[in-house]
Amino acid sequence: MSESPAKCLLDCRLVIVTGKGGCGKTTVAAAVALGAAERGLRVALVEMGRDEHLHGLIKPGSAPVGYEGRELSPSLRVFHIDPFAALAEYLGLQIGMQSLVKKSLNQPAFKQLLAAAPGWRELITLGKIGHIENFGRDEGRLTYDLIVVDAPASGHGLTFLDVPRVVQSAIKTGPLQRRARDVETLIQDPERTRLLPVSLAEELPVRETAELIGRVRNDIGTPLDRVVVNRVLPCPFPRDLPRNSDGSDNFESRLETLPRNTELGCLPSPQVLATCSARQRARFELNDHYVRELANRVDLPLVRIGEVPGGIERRSDLLLLAEQLFSQPKAHARNGNLQDEASSQ
Amino acid sequence: MTLLTPKAVLEQHRVVICVGTGGVGKTTVSAAMALAAARAGRRTLVLTIDPARRLADALGIDALGNEPQRVSLPGPQSESLALHAMMLDPKRTFDGLIERFAPSEEVRRQILENPIYQHVSGALSGSGEYAAMEKVLEMAESDDFDLVVVDTPPAQHVLEFLDSPRRLVEFLDSRLVKLLVQPAVAAGRFGAKLFQRPVQIVLQLIERVTGVGFLEDLSAFLMAIDDMSDGFKQRADRIRETLAGPDTAFILIAGPGQEPSRNARMFLDHLSEARARLRGIVVNRMHLWPGESPPSPELLNCTVPQADIDALSHALDDPAAARTAVSAASEIANQAHRDFVHTRILREHAEARRCFFSEIEEASHDIHDLQTLSAIADALTVDAEVANR
């Protein structure tokens with residue numbers, strides 16, 4: 001499969017955010033959506049899964065948005081897709097016989113079948129996303145310019161995106177098969193759709209992201225053009241730090257050898273200061289190593305975003321992240337010039 | 001008051017189930033606990049259900065099949081250590097169940113070749129959870145191991161995972177399944193007068209949405225496994241008994257940040273709802289302050305007087321290095337403080353429930369070989385003992 005050329009996320013119709021759990025997937029989805037709305041796009045942000053998280057990020061203290069969704073910020077509507085609600089809506093639209101649908105959904109037997117049957121939740125959720133994408137098409141003016149999806153974490157995210165294919169191999173005809181086909185077309189369309197994997201510069205997330213991208217390229221076919229690396233650490237050392245005689249800038253050893261009882265007021269002992277500096281240095285170096293490793297392994301441009309100390313507290317934190325996310329991804333730095341780049345930022 | 005220690009928990013149980021959200025290092029901690037148990041002389045298996053290959057990564061081995069594999073440990077005592085690891089393959093576990101319960105070769109073949117079975121047992125989510133519980137039981141009942149440590153998938157809801165055997169049984173017992181298990185349906189004649197009106201409605205609805213053929217396949221599949229449903233039910237009961245029994249302990253693995261500890265509290269609620277026996281909370285990747293005495297408020301608030309920074313510059317004869325050292329120290333003091341604040345509620349919860357509470361310090365290097373895993377195993381067993389004095 002040929003890779004789609006990088007386009008600004010703001011020019012897409014559908015951005016599906018995924019990544020290993022704990023990488024900041026939900027935060028990235030919220031930032032993309034809020035940033036796009038701030039720039040005048042009409043945005044739908046979609047969450048799935050049992051619990052809602054996005055409302056707390058975008059408008060702290062607000063109530064969950066529910067299936068019908070709510071506008072949490074000007075031109076940004078957040079939806080929470082509950083598969084049961086989506087199924088009822090879908091069956092109603094498809095079959096057009098509300099009474100039949102209602103009777104069937106209320107059958108305990110049918111409820112049990114749904115509780116046990118795998119796959120339909122993912123399909124119906126994807127179908128609902130396609131439905132939201134279509135809002136307003138009949139009136140000649142689409143309701144949303146951009147749909148951002150906070151998809152399940154990578155392992156389950158792949159299952160999620162693979163369901164249209166699986167359904168089509170199990171079911172050969174009928175509305176459900178057509179639904180699956182339409183959804184598959186949408187999520188594979190390089191003109192409209194981008195999958196946005198979020199990773200961290202750490203060993204396991206890097207491996208998992210490489211695995212995810214391999215499977216997306218081979219089996220699923222959702223267009224990809226960049227990877228987000230979250231919590232990239234800035235270089236903690238200024239460039240004007242005097243060098244040691246051996247050319248290194250390691251001043252921890254000098255701190256270490258100062259007398260323990262050096263009078264430093266509210267500062268801890270030189271030895272504790274040395275430990276702190278060494279830790280910050282090691283952390284940065286490891287982080288930097290894995291940024292490079294990721295660039296090499298995924299063979300895609302990276303968008304690096306920094307950590308927000310103390311977590312996302314305000315709307316402005318999300319907008320700051322959005323600015324970084326909308327910037328053009330940087331081409332891979334295969335030969336390890338990231339360090340210079342980082343320290344010049 | 002005696003609190004539990006991780007060591008005691010690993011010694012006193014046959015099954016230890018590690019739960020928690022993704023990204024907190026659950027796999028690493030599970031593997032480290034298994035290693036600690038193996039070093040204490042227990043024949044231990046660590047089992048992962050994760051679709052990603054995290055356990056293999058954490059143990060530094062290339063691949064894990066659906067069978068336990070011995071982990072070879074570096075060092076002199078490796079011969080006497082019995083640590084095994086396995087990664088679940090839901091499809092193969094399902095196939096194994098069918099082989100075991102199928103009354104005849106004919107039925108076995110019918111099931112394995114049924115298209116519905118192939119999808120249900122394969123990639124689709126939900127099926128892995130049942131297969132996992134089944135494997136946990138099989139391994140817990142096997143004489144090969146004294147202890148099974150389970151690394152659960154980062155499920156949204158731990159109850160869904162624990163509940164999967166019950167859901168399967170309810171499904172097999174349901175009226176709909178009983179109805180589908182009829183030759184008329186398998187032959188595609190469910191519009192016939194054989195069925196009551198509501199049943200026809202449901203069947204027709206399913207057919208309208210799924211097209212012709214699906215219901216027949218489903219019915220054929222259900223008929224084939226109908227003979228085996230007693231076997232499944234017995235297994236599901238045994239799984240439930242095992243999970244609820246005194247030999248099973250649940251451990252919550254959490255992260256130190258605001259979001260991870262919020263998620264951890266949600267997990268705690270779900271666990272008490274499920275009446276699971278919580279025996280410990282492990283906070284992984286804590287930032288700890290390295291000094292013996294706590295950092296000064298000035299360092300925490302970044303209001304260190306210029307005179308103190310000057311004193312350091314003077315001692316080092318290097319103002320840039322002094323500024324860098326002060327900001328590094330302030331950063332680390334603040335991280336440690338934030339982590340402490342975010343995890344306070346977990347600490348209190350552990351105390352109230354009388355289970356152990358362990359903190360594992362964030363390492364500035366990687367945890368992907370057995371030596372570093374072994375350092376965590378040490379930290380887990382040592383820290384809690386100190387904390388309990």
# chains A, B, ... in the order shown; residues from 1 in each chain; ligands from 1
$ residues_around --residues "stretch 272-286 of chain B" --least-positions-apart "5" --cutoff "9 Å" --atoms "only C-alpha atoms" --output "number ranges by chain"
B: 4-6, 9, 24-26, 29, 158-159, 162-163, 243-246, 248-257, 261, 267, 335-336, 339-340, 343, 346-347, 349-350, 353-363, 380
$ residues_around --residues "stretch 148-151 of chain A" --least-positions-apart "4" --cutoff "6 Å" --atoms "only C-alpha atoms" --output "list in words"
Leu14, Val15, Ile16, Val17, Thr18, Thr26, Ala29, Leu45, Val46 and Glu47 of chain A
$ atom_distance --atom1 "atom CA of B:Ala379" --atom2 "atom CA of B:Val149"
17.9 Å
$ select_by_dssp --residues "stretch 196-263 of chain A" --states "alpha helix (DSSP H)" --output "list in words"
Glu203, Leu204, Pro205, Val206, Arg207, Glu208, Thr209, Ala210, Glu211, Leu212, Ile213, Gly214, Arg215, Glu252, Ser253, Arg254, Leu255, Glu256 and Thr257 of chain A
$ closest_residue --among "B:Gln110, B:Thr28, B:Ser142, B:Gln12" --to "chain A" --atoms "only C-alpha atoms"
B:Thr28
$ decode --residues "stretch 127-158 of chain A" --atoms "C-alpha atoms" --output "JSON list (two decimals), in the first residue's frame"
[["chain", "number", "residue", "atom", "x", "y", "z"],
["A", 127, "GLY", "CA", -21.76, 2.84, 11.50],
["A", 128, "LYS", "CA", -22.90, 5.63, 13.80],
["A", 129, "ILE", "CA", -19.67, 7.51, 13.11],
["A", 130, "GLY", "CA", -20.42, 7.19, 9.40],
["A", 131, "HIS", "CA", -23.91, 8.47, 10.14],
["A", 132, "ILE", "CA", -22.55, 11.54, 11.94],
["A", 133, "GLU", "CA", -20.22, 12.14, 9.01],
["A", 134, "ASN", "CA", -23.29, 12.18, 6.78],
["A", 135, "PHE", "CA", -25.32, 14.63, 8.89],
["A", 136, "GLY", "CA", -26.77, 17.34, 6.66],
["A", 137, "ARG", "CA", -25.75, 15.73, 3.37],
["A", 138, "ASP", "CA", -29.35, 15.49, 2.23],
["A", 139, "GLU", "CA", -29.87, 19.21, 2.81],
["A", 140, "GLY", "CA", -26.79, 19.93, 0.74],
["A", 141, "ARG", "CA", -24.72, 21.28, 3.61],
["A", 142, "LEU", "CA", -22.77, 18.92, 5.85],
["A", 143, "THR", "CA", -23.28, 19.57, 9.55],
["A", 144, "TYR", "CA", -19.67, 18.85, 10.50],
["A", 145, "ASP", "CA", -16.44, 19.74, 8.78],
["A", 146, "LEU", "CA", -14.37, 17.39, 10.90],
["A", 147, "ILE", "CA", -15.12, 14.28, 12.93],
["A", 148, "VAL", "CA", -12.57, 13.29, 15.56],
["A", 149, "VAL", "CA", -12.83, 9.81, 17.10],
["A", 150, "ASP", "CA", -11.24, 8.76, 20.36],
["A", 151, "ALA", "CA", -10.90, 5.08, 19.37],
["A", 152, "PRO", "CA", -10.13, 2.16, 21.69],
["A", 153, "ALA", "CA", -6.48, 1.47, 22.66],
["A", 154, "SER", "CA", -4.32, -0.23, 20.06],
["A", 155, "GLY", "CA", -5.10, -3.93, 20.51],
["A", 156, "HIS", "CA", -8.81, -3.32, 20.72],
["A", 157, "GLY", "CA", -8.53, -0.43, 18.28],
["A", 158, "LEU", "CA", -7.35, -2.81, 15.59]]
